[in-house]
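Asker: The following file, protein_2.pdb, comprises PDB, C-alpha atoms:
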ATOM      1  CA  MET X   1       0.000   0.000   0.000  1.00  0.00           C
ATOM      2  CA  ALA X   2       1.070   3.626   0.446  1.00  0.00           C
ATOM      3  CA  GLY X   3       3.750   2.594   2.973  1.00  0.00           C
ATOM      4  CA  GLN X   4       6.000   1.506   0.115  1.00  0.00           C
ATOM      5  CA  ALA X   5       7.133   5.108  -0.294  1.00  0.00           C
ATOM      6  CA  MET X   6      10.304   6.201   1.480  1.00  0.00           C
ATOM      7  CA  ILE X   7       8.919   9.499   2.816  1.00  0.00           C
ATOM      8  CA  ASP X   8       5.798  10.609   4.646  1.00  0.00           C
ATOM      9  CA  GLN X   9       2.760  10.814   2.405  1.00  0.00           C
ATOM     10  CA  ARG X  10       2.033  14.396   3.467  1.00  0.00           C
ATOM     11  CA  ARG X  11       5.356  15.348   1.938  1.00  0.00           C
ATOM     12  CA  PHE X  12       4.153  14.405  -1.535  1.00  0.00           C
ATOM     13  CA  LEU X  13       1.368  16.989  -1.450  1.00  0.00           C
ATOM     14  CA  GLU X  14       3.949  19.628  -0.481  1.00  0.00           C
ATOM     15  CA  VAL X  15       6.178  18.539  -3.368  1.00  0.00           C
ATOM     16  CA  ILE X  16       3.327  18.714  -5.900  1.00  0.00           C
ATOM     17  CA  GLY X  17       2.536  22.260  -4.810  1.00  0.00           C
ATOM     18  CA  ALA X  18       6.133  23.487  -4.746  1.00  0.00           C
ATOM     19  CA  GLU X  19       7.243  21.872  -7.992  1.00  0.00           C
ATOM     20  CA  THR X  20       4.216  22.871 -10.056  1.00  0.00           C
ATOM     21  CA  GLU X  21       4.462  26.431  -8.753  1.00  0.00           C
ATOM     22  CA  LEU X  22       8.122  26.569  -9.755  1.00  0.00           C
ATOM     23  CA  MET X  23       7.231  25.114 -13.151  1.00  0.00           C
ATOM     24  CA  ALA X  24       4.620  27.830 -13.718  1.00  0.00           C
ATOM     25  CA  GLN X  25       7.066  30.546 -12.655  1.00  0.00           C
ATOM     26  CA  VAL X  26       9.747  29.209 -14.995  1.00  0.00           C
ATOM     27  CA  ALA X  27       7.244  29.213 -17.860  1.00  0.00           C
ATOM     28  CA  HIS X  28       6.963  33.002 -17.500  1.00  0.00           C
ATOM     29  CA  THR X  29      10.661  33.402 -18.279  1.00  0.00           C
ATOM     30  CA  ALA X  30      10.693  31.752 -21.700  1.00  0.00           C
ATOM     31  CA  SER X  31       8.546  31.356 -24.777  1.00  0.00           C
ATOM     32  CA  ALA X  32       6.016  28.533 -24.822  1.00  0.00           C
ATOM     33  CA  ASP X  33       7.708  27.514 -28.087  1.00  0.00           C
ATOM     34  CA  ALA X  34      11.121  27.092 -26.422  1.00  0.00           C
ATOM     35  CA  PRO X  35      12.474  23.595 -27.161  1.00  0.00           C
ATOM     36  CA  VAL X  36      13.063  21.204 -24.263  1.00  0.00           C
ATOM     37  CA  PRO X  37      16.593  19.711 -24.492  1.00  0.00           C
ATOM     38  CA  THR X  38      15.705  16.898 -22.086  1.00  0.00           C
ATOM     39  CA  CYS X  39      12.622  15.930 -24.151  1.00  0.00           C
ATOM     40  CA  PRO X  40      13.559  16.259 -27.841  1.00  0.00           C
ATOM     41  CA  GLY X  41      10.597  17.348 -29.952  1.00  0.00           C
ATOM     42  CA  TRP X  42       8.765  18.918 -27.004  1.00  0.00           C
ATOM     43  CA  THR X  43       8.329  22.596 -26.180  1.00  0.00           C
ATOM     44  CA  LEU X  44       7.941  24.346 -22.842  1.00  0.00           C
ATOM     45  CA  GLY X  45       4.244  24.846 -23.569  1.00  0.00           C
ATOM     46  CA  GLU X  46       3.853  21.136 -24.268  1.00  0.00           C
ATOM     47  CA  ILE X  47       5.402  20.311 -20.885  1.00  0.00           C
ATOM     48  CA  LEU X  48       2.761  22.408 -19.088  1.00  0.00           C
ATOM     49  CA  ARG X  49      -0.027  20.992 -21.258  1.00  0.00           C
ATOM     50  CA  HIS X  50       1.201  17.444 -20.639  1.00  0.00           C
ATOM     51  CA  VAL X  51       1.280  17.795 -16.854  1.00  0.00           C
ATOM     52  CA  GLY X  52      -2.144  19.460 -16.857  1.00  0.00           C
ATOM     53  CA  SER X  53      -3.480  16.565 -18.914  1.00  0.00           C
ATOM     54  CA  VAL X  54      -1.819  13.882 -16.782  1.00  0.00           C
ATOM     55  CA  TYR X  55      -3.265  15.374 -13.606  1.00  0.00           C
ATOM     56  CA  ARG X  56      -6.736  15.413 -15.160  1.00  0.00           C
ATOM     57  CA  VAL X  57      -6.600  11.805 -16.322  1.00  0.00           C
ATOM     58  CA  THR X  58      -5.297  10.815 -12.887  1.00  0.00           C
ATOM     59  CA  ARG X  59      -8.212  12.476 -11.095  1.00  0.00           C
ATOM     60  CA  ARG X  60     -10.711  10.911 -13.491  1.00  0.00           C
ATOM     61  CA  TRP X  61      -9.013   7.517 -13.114  1.00  0.00           C
ATOM     62  CA  ILE X  62      -9.532   7.720  -9.357  1.00  0.00           C
ATOM     63  CA  THR X  63     -13.099   9.052  -9.405  1.00  0.00           C
ATOM     64  CA  ASP X  64     -14.304   6.870 -12.318  1.00  0.00           C
ATOM     65  CA  GLY X  65     -12.693   3.698 -10.979  1.00  0.00           C
ATOM     66  CA  ARG X  66     -10.864   3.007 -14.252  1.00  0.00           C
ATOM     67  CA  ARG X  67      -8.663   4.756 -16.774  1.00  0.00           C
ATOM     68  CA  PRO X  68     -10.931   7.148 -18.712  1.00  0.00           C
ATOM     69  CA  GLU X  69     -11.050   7.214 -22.485  1.00  0.00           C
ATOM     70  CA  HIS X  70     -11.805  10.919 -22.690  1.00  0.00           C
ATOM     71  CA  TRP X  71     -10.681  13.935 -20.675  1.00  0.00           C
ATOM     72  CA  GLN X  72      -9.719  17.551 -21.329  1.00  0.00           C
ATOM     73  CA  ARG X  73      -6.310  17.218 -22.957  1.00  0.00           C
ATOM     74  CA  LYS X  74      -5.695  20.912 -23.745  1.00  0.00           C
ATOM     75  CA  PRO X  75      -6.884  24.376 -22.711  1.00  0.00           C
ATOM     76  CA  GLY X  76     -10.439  25.326 -23.552  1.00  0.00           C
ATOM     77  CA  PRO X  77     -11.356  28.225 -25.904  1.00  0.00           C
ATOM     78  CA  GLN X  78     -11.392  30.799 -23.078  1.00  0.00           C
ATOM     79  CA  GLN X  79      -8.607  29.236 -21.020  1.00  0.00           C
ATOM     80  CA  SER X  80      -4.902  30.100 -20.986  1.00  0.00           C
ATOM     81  CA  LEU X  81      -2.273  27.373 -20.811  1.00  0.00           C
ATOM     82  CA  GLU X  82      -1.352  28.409 -17.275  1.00  0.00           C
ATOM     83  CA  GLU X  83      -5.004  28.367 -16.181  1.00  0.00           C
ATOM     84  CA  TYR X  84      -5.391  24.882 -17.665  1.00  0.00           C
ATOM     85  CA  PHE X  85      -2.229  23.718 -15.893  1.00  0.00           C
ATOM     86  CA  ARG X  86      -3.167  25.152 -12.504  1.00  0.00           C
ATOM     87  CA  GLU X  87      -6.777  23.950 -12.685  1.00  0.00           C
ATOM     88  CA  GLY X  88      -5.639  20.381 -13.362  1.00  0.00           C
ATOM     89  CA  ARG X  89      -3.203  20.584 -10.458  1.00  0.00           C
ATOM     90  CA  ASP X  90      -5.714  22.073  -8.040  1.00  0.00           C
ATOM     91  CA  GLU X  91      -8.458  19.551  -8.824  1.00  0.00           C
ATOM     92  CA  LEU X  92      -6.110  16.597  -8.369  1.00  0.00           C
ATOM     93  CA  VAL X  93      -4.592  17.919  -5.135  1.00  0.00           C
ATOM     94  CA  ALA X  94      -8.080  18.491  -3.743  1.00  0.00           C
ATOM     95  CA  GLU X  95      -9.017  14.881  -4.544  1.00  0.00           C
ATOM     96  CA  LEU X  96      -5.818  13.448  -3.078  1.00  0.00           C
ATOM     97  CA  SER X  97      -6.056  15.621   0.040  1.00  0.00           C
ATOM     98  CA  ALA X  98      -9.614  14.511   0.742  1.00  0.00           C
ATOM     99  CA  HIS X  99      -8.611  10.863   1.206  1.00  0.00           C
ATOM    100  CA  ASP X 100      -6.244   8.964   3.468  1.00  0.00           C
ATOM    101  CA  PRO X 101      -3.203   7.772   1.481  1.00  0.00           C
ATOM    102  CA  ASP X 102      -3.919   4.158   2.473  1.00  0.00           C
ATOM    103  CA  GLU X 103      -7.478   4.344   1.151  1.00  0.00           C
ATOM    104  CA  LEU X 104      -8.096   2.076  -1.820  1.00  0.00           C
ATOM    105  CA  ALA X 105      -7.966   3.615  -5.290  1.00  0.00           C
ATOM    106  CA  PRO X 106      -7.546   2.158  -8.789  1.00  0.00           C
ATOM    107  CA  THR X 107      -3.968   2.308 -10.108  1.00  0.00           C
ATOM    108  CA  TRP X 108      -1.829   0.588 -12.720  1.00  0.00           C
ATOM    109  CA  TRP X 109       0.446  -1.016 -10.086  1.00  0.00           C
ATOM    110  CA  PRO X 110      -1.041  -4.206  -8.589  1.00  0.00           C
ATOM    111  CA  ALA X 111       1.247  -3.907  -5.548  1.00  0.00           C
ATOM    112  CA  ASP X 112      -0.197  -0.527  -4.556  1.00  0.00           C
ATOM    113  CA  ARG X 113      -3.885   0.195  -5.091  1.00  0.00           C
ATOM    114  CA  SER X 114      -4.072   3.317  -2.976  1.00  0.00           C
ATOM    115  CA  TYR X 115      -4.390   7.086  -2.996  1.00  0.00           C
ATOM    116  CA  GLY X 116      -0.806   7.101  -1.783  1.00  0.00           C
ATOM    117  CA  PHE X 117       0.343   5.666  -5.106  1.00  0.00           C
ATOM    118  CA  TRP X 118      -1.077   8.685  -6.917  1.00  0.00           C
ATOM    119  CA  ARG X 119       0.330  11.151  -4.375  1.00  0.00           C
ATOM    120  CA  ARG X 120       3.791   9.738  -4.986  1.00  0.00           C
ATOM    121  CA  ARG X 121       3.447   9.433  -8.747  1.00  0.00           C
ATOM    122  CA  SER X 122       2.061  12.959  -9.107  1.00  0.00           C
ATOM    123  CA  ALA X 123       4.888  14.435  -7.015  1.00  0.00           C
ATOM    124  CA  HIS X 124       7.581  12.867  -9.165  1.00  0.00           C
ATOM    125  CA  GLU X 125       5.709  13.770 -12.356  1.00  0.00           C
ATOM    126  CA  ALA X 126       5.960  17.399 -11.262  1.00  0.00           C
ATOM    127  CA  THR X 127       9.604  17.155 -10.190  1.00  0.00           C
ATOM    128  CA  ILE X 128      10.862  15.605 -13.415  1.00  0.00           C
ATOM    129  CA  HIS X 129       8.943  17.982 -15.652  1.00  0.00           C
ATOM    130  CA  ARG X 130      10.028  20.982 -13.579  1.00  0.00           C
ATOM    131  CA  ILE X 131      13.564  19.969 -14.579  1.00  0.00           C
ATOM    132  CA  ASP X 132      12.410  19.937 -18.212  1.00  0.00           C
ATOM    133  CA  ALA X 133      10.887  23.399 -17.862  1.00  0.00           C
ATOM    134  CA  GLU X 134      14.094  24.787 -16.398  1.00  0.00           C
ATOM    135  CA  ALA X 135      16.106  23.233 -19.220  1.00  0.00           C
ATOM    136  CA  ALA X 136      13.809  24.854 -21.800  1.00  0.00           C
ATOM    137  CA  ALA X 137      14.216  28.224 -20.102  1.00  0.00           C
ATOM    138  CA  GLY X 138      17.996  27.839 -20.060  1.00  0.00           C
ATOM    139  CA  ARG X 139      18.080  27.889 -16.272  1.00  0.00           C
ATOM    140  CA  GLU X 140      20.270  25.886 -13.925  1.00  0.00           C
ATOM    141  CA  VAL X 141      18.359  22.975 -12.392  1.00  0.00           C
ATOM    142  CA  SER X 142      17.005  23.903  -8.963  1.00  0.00           C
ATOM    143  CA  GLU X 143      17.914  21.718  -6.029  1.00  0.00           C
ATOM    144  CA  ILE X 144      15.988  18.487  -5.540  1.00  0.00           C
ATOM    145  CA  PRO X 145      15.668  17.787  -1.792  1.00  0.00           C
ATOM    146  CA  GLU X 146      17.528  14.634  -0.776  1.00  0.00           C
ATOM    147  CA  ASP X 147      14.451  12.882   0.604  1.00  0.00           C
ATOM    148  CA  VAL X 148      12.556  13.488  -2.635  1.00  0.00           C
ATOM    149  CA  ALA X 149      15.487  12.316  -4.754  1.00  0.00           C
ATOM    150  CA  LEU X 150      15.907   9.125  -2.719  1.00  0.00           C
ATOM    151  CA  ASP X 151      12.223   8.288  -3.014  1.00  0.00           C
ATOM    152  CA  GLY X 152      12.412   9.108  -6.721  1.00  0.00           C
ATOM    153  CA  ILE X 153      15.270   6.647  -7.179  1.00  0.00           C
ATOM    154  CA  ASP X 154      13.181   3.996  -5.445  1.00  0.00           C
ATOM    155  CA  GLU X 155      10.154   4.761  -7.618  1.00  0.00           C
ATOM    156  CA  ALA X 156      12.175   4.707 -10.841  1.00  0.00           C
ATOM    157  CA  LEU X 157      13.728   1.345 -10.005  1.00  0.00           C
ATOM    158  CA  VAL X 158      10.948  -0.543  -8.220  1.00  0.00           C
ATOM    159  CA  LEU X 159       7.948   0.857 -10.113  1.00  0.00           C
ATOM    160  CA  TRP X 160       9.108   1.818 -13.603  1.00  0.00           C
ATOM    161  CA  PHE X 161      11.889  -0.717 -14.064  1.00  0.00           C
ATOM    162  CA  GLY X 162      10.525  -3.557 -11.947  1.00  0.00           C
ATOM    163  CA  GLN X 163       6.819  -3.170 -12.751  1.00  0.00           C
ATOM    164  CA  ARG X 164       6.238  -1.026 -15.828  1.00  0.00           C
ATOM    165  CA  LEU X 165       8.596  -2.927 -18.115  1.00  0.00           C
ATOM    166  CA  PRO X 166       6.941  -6.324 -17.451  1.00  0.00           C
ATOM    167  CA  LEU X 167       3.524  -4.726 -18.022  1.00  0.00           C
ATOM    168  CA  LEU X 168       4.776  -3.543 -21.407  1.00  0.00           C
ATOM    169  CA  GLY X 169       6.214  -6.969 -22.188  1.00  0.00           C
ATOM    170  CA  LEU X 170       9.770  -5.621 -22.337  1.00  0.00           C
ATOM    171  CA  SER X 171      12.911  -7.199 -20.904  1.00  0.00           C
ATOM    172  CA  GLY X 172      16.681  -7.111 -21.183  1.00  0.00           C
ATOM    173  CA  THR X 173      18.750  -9.038 -23.700  1.00  0.00           C
ATOM    174  CA  LYS X 174      21.558  -9.780 -21.228  1.00  0.00           C
ATOM    175  CA  THR X 175      21.176 -11.247 -17.742  1.00  0.00           C
ATOM    176  CA  GLY X 176      22.852  -9.286 -15.000  1.00  0.00           C
ATOM    177  CA  SER X 177      22.399  -6.910 -12.106  1.00  0.00           C
ATOM    178  CA  VAL X 178      23.111  -3.304 -11.223  1.00  0.00           C
ATOM    179  CA  GLY X 179      23.621  -2.030  -7.701  1.00  0.00           C
ATOM    180  CA  VAL X 180      22.720   1.542  -6.826  1.00  0.00           C
ATOM    181  CA  ARG X 181      24.248   3.134  -3.717  1.00  0.00           C
ATOM    182  CA  THR X 182      23.720   6.665  -2.409  1.00  0.00           C
ATOM    183  CA  ALA X 183      23.291   8.452   0.928  1.00  0.00           C
ATOM    184  CA  GLY X 184      23.221   5.206   2.906  1.00  0.00           C
ATOM    185  CA  HIS X 185      20.581   3.527   0.718  1.00  0.00           C
ATOM    186  CA  THR X 186      21.078   0.677  -1.747  1.00  0.00           C
ATOM    187  CA  TRP X 187      19.077  -1.114  -4.437  1.00  0.00           C
ATOM    188  CA  ILE X 188      19.510  -3.974  -6.901  1.00  0.00           C
ATOM    189  CA  ALA X 189      18.042  -3.936 -10.427  1.00  0.00           C
ATOM    190  CA  ARG X 190      18.222  -7.264 -12.207  1.00  0.00           C
ATOM    191  CA  ALA X 191      17.286  -7.767 -15.853  1.00  0.00           C
ATOM    192  CA  GLY X 192      17.423 -10.459 -18.479  1.00  0.00           C
ATOM    193  CA  PRO X 193      15.216 -12.255 -20.995  1.00  0.00           C
ATOM    194  CA  THR X 194      13.216 -13.940 -18.215  1.00  0.00           C
ATOM    195  CA  GLU X 195      12.984 -11.291 -15.480  1.00  0.00           C
ATOM    196  CA  THR X 196      13.000  -7.573 -14.804  1.00  0.00           C
ATOM    197  CA  ILE X 197      12.940  -6.745 -11.107  1.00  0.00           C
ATOM    198  CA  ALA X 198      14.353  -4.277  -8.578  1.00  0.00           C
ATOM    199  CA  TRP X 199      14.372  -4.096  -4.797  1.00  0.00           C
ATOM    200  CA  ARG X 200      15.965  -2.361  -1.826  1.00  0.00           C
ATOM    201  CA  CYS X 201      18.914  -4.339  -0.549  1.00  0.00           C
ATOM    202  CA  SER X 202      21.940  -4.364   1.758  1.00  0.00           C
ATOM    203  CA  ALA X 203      25.165  -2.578   0.887  1.00  0.00           C
ATOM    204  CA  GLU X 204      26.922  -5.934   0.613  1.00  0.00           C
ATOM    205  CA  GLU X 205      24.377  -7.225  -1.909  1.00  0.00           C
ATOM    206  CA  ALA X 206      24.668  -4.086  -4.036  1.00  0.00           C
ATOM    207  CA  GLN X 207      28.456  -4.364  -3.984  1.00  0.00           C
ATOM    208  CA  ARG X 208      28.239  -7.872  -5.503  1.00  0.00           C
ATOM    209  CA  ALA X 209      26.259  -6.660  -8.554  1.00  0.00           C
ATOM    210  CA  ASP X 210      27.818  -6.722 -12.021  1.00  0.00           C
ATOM    211  CA  ASP X 211      27.861  -2.912 -12.101  1.00  0.00           C
ATOM    212  CA  LEU X 212      27.583  -0.448  -9.228  1.00  0.00           C
ATOM    213  CA  ILE X 213      26.204   3.084  -9.642  1.00  0.00           C
ATOM    214  CA  THR X 214      27.141   5.671  -7.027  1.00  0.00           C
ATOM    215  CA  GLY X 215      26.746   9.426  -6.744  1.00  0.00           C
ATOM    216  CA  GLN X 216      24.635  12.139  -5.167  1.00  0.00           C
ATOM    217  CA  PRO X 217      20.922  11.264  -4.798  1.00  0.00           C
ATOM    218  CA  ASP X 218      19.695  14.070  -7.069  1.00  0.00           C
ATOM    219  CA  LYS X 219      22.205  13.166  -9.781  1.00  0.00           C
ATOM    220  CA  ILE X 220      21.254   9.476  -9.731  1.00  0.00           C
ATOM    221  CA  TYR X 221      17.547  10.388  -9.736  1.00  0.00           C
ATOM    222  CA  ARG X 222      17.991  12.605 -12.776  1.00  0.00           C
ATOM    223  CA  TRP X 223      20.218  10.025 -14.517  1.00  0.00           C
ATOM    224  CA  LEU X 224      17.645   7.269 -14.078  1.00  0.00           C
ATOM    225  CA  TRP X 225      15.027   9.549 -15.660  1.00  0.00           C
ATOM    226  CA  GLY X 226      17.313  10.543 -18.549  1.00  0.00           C
ATOM    227  CA  ARG X 227      17.662  14.095 -17.228  1.00  0.00           C
ATOM    228  CA  ALA X 228      21.421  13.950 -16.572  1.00  0.00           C
ATOM    229  CA  GLY X 229      24.387  12.947 -18.717  1.00  0.00           C
ATOM    230  CA  PRO X 230      26.551   9.840 -18.228  1.00  0.00           C
ATOM    231  CA  THR X 231      29.144  11.715 -16.167  1.00  0.00           C
ATOM    232  CA  ALA X 232      26.562  12.663 -13.520  1.00  0.00           C
ATOM    233  CA  VAL X 233      27.065   9.274 -11.834  1.00  0.00           C
ATOM    234  CA  THR X 234      30.002   6.950 -11.211  1.00  0.00           C
ATOM    235  CA  ILE X 235      29.736   3.443 -12.630  1.00  0.00           C
ATOM    236  CA  SER X 236      32.008   0.635 -11.426  1.00  0.00           C
ATOM    237  CA  GLY X 237      32.206  -2.492 -13.578  1.00  0.00           C
ATOM    238  CA  ASP X 238      32.161  -3.055 -17.323  1.00  0.00           C
ATOM    239  CA  GLN X 239      29.063  -0.795 -17.589  1.00  0.00           C
ATOM    240  CA  ASP X 240      27.107  -3.213 -19.825  1.00  0.00           C
ATOM    241  CA  MET X 241      24.398  -3.827 -17.221  1.00  0.00           C
ATOM    242  CA  ALA X 242      24.236  -0.148 -16.265  1.00  0.00           C
ATOM    243  CA  GLY X 243      23.812   0.729 -19.942  1.00  0.00           C
ATOM    244  CA  GLN X 244      21.017  -1.817 -20.282  1.00  0.00           C
ATOM    245  CA  LEU X 245      19.316  -0.418 -17.156  1.00  0.00           C
ATOM    246  CA  TRP X 246      19.412   3.093 -18.594  1.00  0.00           C
ATOM    247  CA  ALA X 247      18.100   1.951 -21.984  1.00  0.00           C
ATOM    248  CA  LEU X 248      15.271  -0.080 -20.455  1.00  0.00           C
ATOM    249  CA  LEU X 249      14.193   2.858 -18.320  1.00  0.00           C
ATOM    250  CA  ARG X 250      13.959   5.005 -21.456  1.00  0.00           C
ATOM    251  CA  LEU X 251      11.456   2.447 -22.799  1.00  0.00           C
ATOM    252  CA  ALA X 252       9.560   2.245 -19.513  1.00  0.00           C
ATOM    253  CA  THR X 253       9.187   6.001 -19.062  1.00  0.00           C
ATOM    254  CA  ARG X 254       8.601   7.169 -22.634  1.00  0.00           C
TER     255      ARG X 254
END
Starting from the file, give its structure as structure tokens.

Answerer:
Amino acid sequence: MAGQAMIDQRRFLEVIGAETELMAQVAHTASADAPVPTCPGWTLGEILRHVGSVYRVTRRWITDGRRPEHWQRKPGPQQSLEEYFREGRDELVAELSAHDPDELAPTWWPADRSYGFWRRRSAHEATIHRIDAEAAAGREVSEIPEDVALDGIDEALVLWFGQRLPLLGLSGTKTGSVGVRTAGHTWIARAGPTETIAWRCSAEEAQRADDLITGQPDKIYRWLWGRAGPTAVTISGDQDMAGQLWALLRLATR
């Protein structure tokens, strides 16, 4: 349930508010047509539209009991892009705030059917796309708090790598494991033709992996999401398994 997150569930609502507000502020500093280097083919305006749309489909998914086929995907005739973005955020936060995080809700992760799943997912959706907005505006990436980055690493590995890839029917071509170690926390991600799985582990177990990724939490978080270059993290080993991890995450999160 919601306890699978690494930080208090109330924190996620704070993160959604702070990150979306920063995203809106950044959007004022650049043209909506500014290209997004971290999302080739996207513009700054598309980032705001996308998040506004995702938050709307999330709210409808919860209230309808299933993924909706139709929802407002772009601003209405009398609605600005920022109004569309903020309205989607406000409606979702109101829905999430009105329910205990452990309360049952439909999700796409069988291991967590709770409001807490959507609190966590919506917080990281905002954080990653805030990075995109800053990149489009030519700004230096604002600090990602360590607790948020650590939880984001866990979500990227356990949810997107360990759950999303199998749901999509995707797997690695080589069998091997990658350890991830940062700020006293460690994970293992194992992939191959027959399995794709990740879990929190001991430091000793991570050290025995084929490759070991170390670095600052925010750098590893951004690297896992394709928002940081290869030199942002340190990779020990022959790097084949780390390269496969990175490539598989690009498929899982596209």

Asker: May I have a table of the residues of range 41-157 of chain X lying at most 12 Å from range 223-246 of chain X, giving each one's closest pair of atoms and their distance in Å to one decimal, counting all atoms listed in the file, ordered by chain and ascending residue number, as a Markdown table?

Answerer:
| residue | atom | partner | partner_atom | distance |
| --- | --- | --- | --- | --- |
| X:His124 | CA | X:Trp225 | CA | 10.4 |
| X:Glu125 | CA | X:Trp225 | CA | 10.7 |
| X:Thr127 | CA | X:Trp225 | CA | 10.8 |
| X:Ile128 | CA | X:Trp225 | CA | 7.7 |
| X:His129 | CA | X:Arg227 | CA | 9.7 |
| X:Arg130 | CA | X:Arg227 | CA | 10.9 |
| X:Ile131 | CA | X:Arg227 | CA | 7.6 |
| X:Asp132 | CA | X:Arg227 | CA | 7.9 |
| X:Ala133 | CA | X:Arg227 | CA | 11.5 |
| X:Glu134 | CA | X:Arg227 | CA | 11.3 |
| X:Ala135 | CA | X:Arg227 | CA | 9.5 |
| X:Val141 | CA | X:Arg227 | CA | 10.1 |
| X:Ala149 | CA | X:Leu224 | CA | 10.8 |
| X:Leu150 | CA | X:Leu224 | CA | 11.6 |
| X:Gly152 | CA | X:Leu224 | CA | 9.2 |
| X:Ile153 | CA | X:Leu224 | CA | 7.3 |
| X:Asp154 | CA | X:Leu224 | CA | 10.3 |
| X:Glu155 | CA | X:Leu224 | CA | 10.2 |
| X:Ala156 | CA | X:Leu224 | CA | 6.9 |
| X:Leu157 | CA | X:Leu224 | CA | 8.2 |

Asker: Contacts of Ala198 in chain X at 6 Å or less, counting all atoms listed in the file, minus same-chain residues fewer than 6 places along, as a list in words?

Answerer: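 Residues meeting the cut-off are Leu157, Val158, Gly162, Ile188 and Ala189 of chain X.
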
Asker: Going by the chain IDs and residue numbers used in this file, which residues fall under the PyMOL selection byres ((chain X and resi 84) around 12)? Write them as a ChimeraX atom specification.

Answerer: /X:24,45-46,48-56,72-83,85-91

Asker: Excluding Pro145 in chain X and residues on its chain fewer than 6 positions from it, collect all residues at most 10 Å away from it, counting all atoms listed in the file, and give them as a ChimeraX atom specification.

Answerer: /X:15,217-218

Asker: Of the candidates X:Val36, X:Leu170, X:Ile213, X:Ile16, which one gets nearest to Thr186 in chain X if we count all atoms listed in the file?

Answerer: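 Among the listed residues, X:Ile213 lies closest to Thr186 in chain X.
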
Asker: For the PyMOL selection byres ((chain X and resi 66) around 12), applied here, can you spell out every residue it catches as a PyMOL selection string?

Answerer: chain X and resi 57-65+67-70+105-108+113

Asker: Can you write just those residues out, C-alpha atoms, as a PDB file, keeping the file's coordinate frame?

Answerer:
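Final output, saved to selection34.pdb:
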ATOM      1  CA  VAL X  57      -6.600  11.805 -16.322  1.00  0.00           C
ATOM      2  CA  THR X  58      -5.297  10.815 -12.887  1.00  0.00           C
ATOM      3  CA  ARG X  59      -8.212  12.476 -11.095  1.00  0.00           C
ATOM      4  CA  ARG X  60     -10.711  10.911 -13.491  1.00  0.00           C
ATOM      5  CA  TRP X  61      -9.013   7.517 -13.114  1.00  0.00           C
ATOM      6  CA  ILE X  62      -9.532   7.720  -9.357  1.00  0.00           C
ATOM      7  CA  THR X  63     -13.099   9.052  -9.405  1.00  0.00           C
ATOM      8  CA  ASP X  64     -14.304   6.870 -12.318  1.00  0.00           C
ATOM      9  CA  GLY X  65     -12.693   3.698 -10.979  1.00  0.00           C
ATOM     10  CA  ARG X  67      -8.663   4.756 -16.774  1.00  0.00           C
ATOM     11  CA  PRO X  68     -10.931   7.148 -18.712  1.00  0.00           C
ATOM     12  CA  GLU X  69     -11.050   7.214 -22.485  1.00  0.00           C
ATOM     13  CA  HIS X  70     -11.805  10.919 -22.690  1.00  0.00           C
ATOM     14  CA  ALA X 105      -7.966   3.615  -5.290  1.00  0.00           C
ATOM     15  CA  PRO X 106      -7.546   2.158  -8.789  1.00  0.00           C
ATOM     16  CA  THR X 107      -3.968   2.308 -10.108  1.00  0.00           C
ATOM     17  CA  TRP X 108      -1.829   0.588 -12.720  1.00  0.00           C
ATOM     18  CA  ARG X 113      -3.885   0.195  -5.091  1.00  0.00           C
TER      19      ARG X 113
END

Asker: Please write the residues picked by the PyMOL selection byres ((chain X and resi 95-100) around 8) on this file as a list of chain:residue names.

Answerer: X:Leu13, X:Arg59, X:Glu91, X:Leu92, X:Val93, X:Ala94, X:Pro101, X:Asp102, X:Glu103, X:Tyr115, X:Gly116, X:Trp118, X:Arg119

Asker: Find the residue from X:Ala136, X:Arg10, X:Gly17, X:Leu165 that sits nearest to Ala34 in chain X; use only C-alpha atoms when measuring.

Answerer: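 Ranked by minimum distance to Ala34 in chain X, first place goes to X:Ala136.
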
Asker: Once 4 Å is added on each side, what centre and edge lengths in Å to one decimal does the axis-aligned box around all listed atoms of range 169-174 of chain X have, as lines of an AutoDock Vina configuration file?

Answerer:
center_x = 13.9
center_y = -7.7
center_z = -22.3
size_x = 23.3
size_y = 12.2
size_z = 10.8

Asker: Nearest residue to Ala5 in chain X out of X:Glu195, X:Glu204, X:Asp151, X:Asp112, using all atoms listed in the file?

Answerer: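 With all atoms listed in the file as the atom set, the closest residue is X:Asp151.
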
Asker: To one decimal place in Å, what is the distance between CA of Ala247 in chain X and CA of Asp210 in chain X?

Answerer: 16.4 Å

Asker: In Å, with one decimal, what is the gap from CA of Gly172 in chain X to CA of Asp211 in chain X?

Answerer: 15.0 Å

Asker: Just the number, please: distance in Å from CA of Arg190 in chain X to CA of Val178 in chain X, one decimal.

Answerer: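 That distance, rounded to one decimal, is 6.4 Å.
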
Asker: So which one's closest to Arg120 in chain X, X:Val180, X:Arg139, X:Leu159, X:Gly192? Using all atoms listed in the file, please.

Answerer: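 Nearest candidate to Arg120 in chain X out of X:Val180, X:Arg139, X:Leu159, X:Gly192: X:Leu159.
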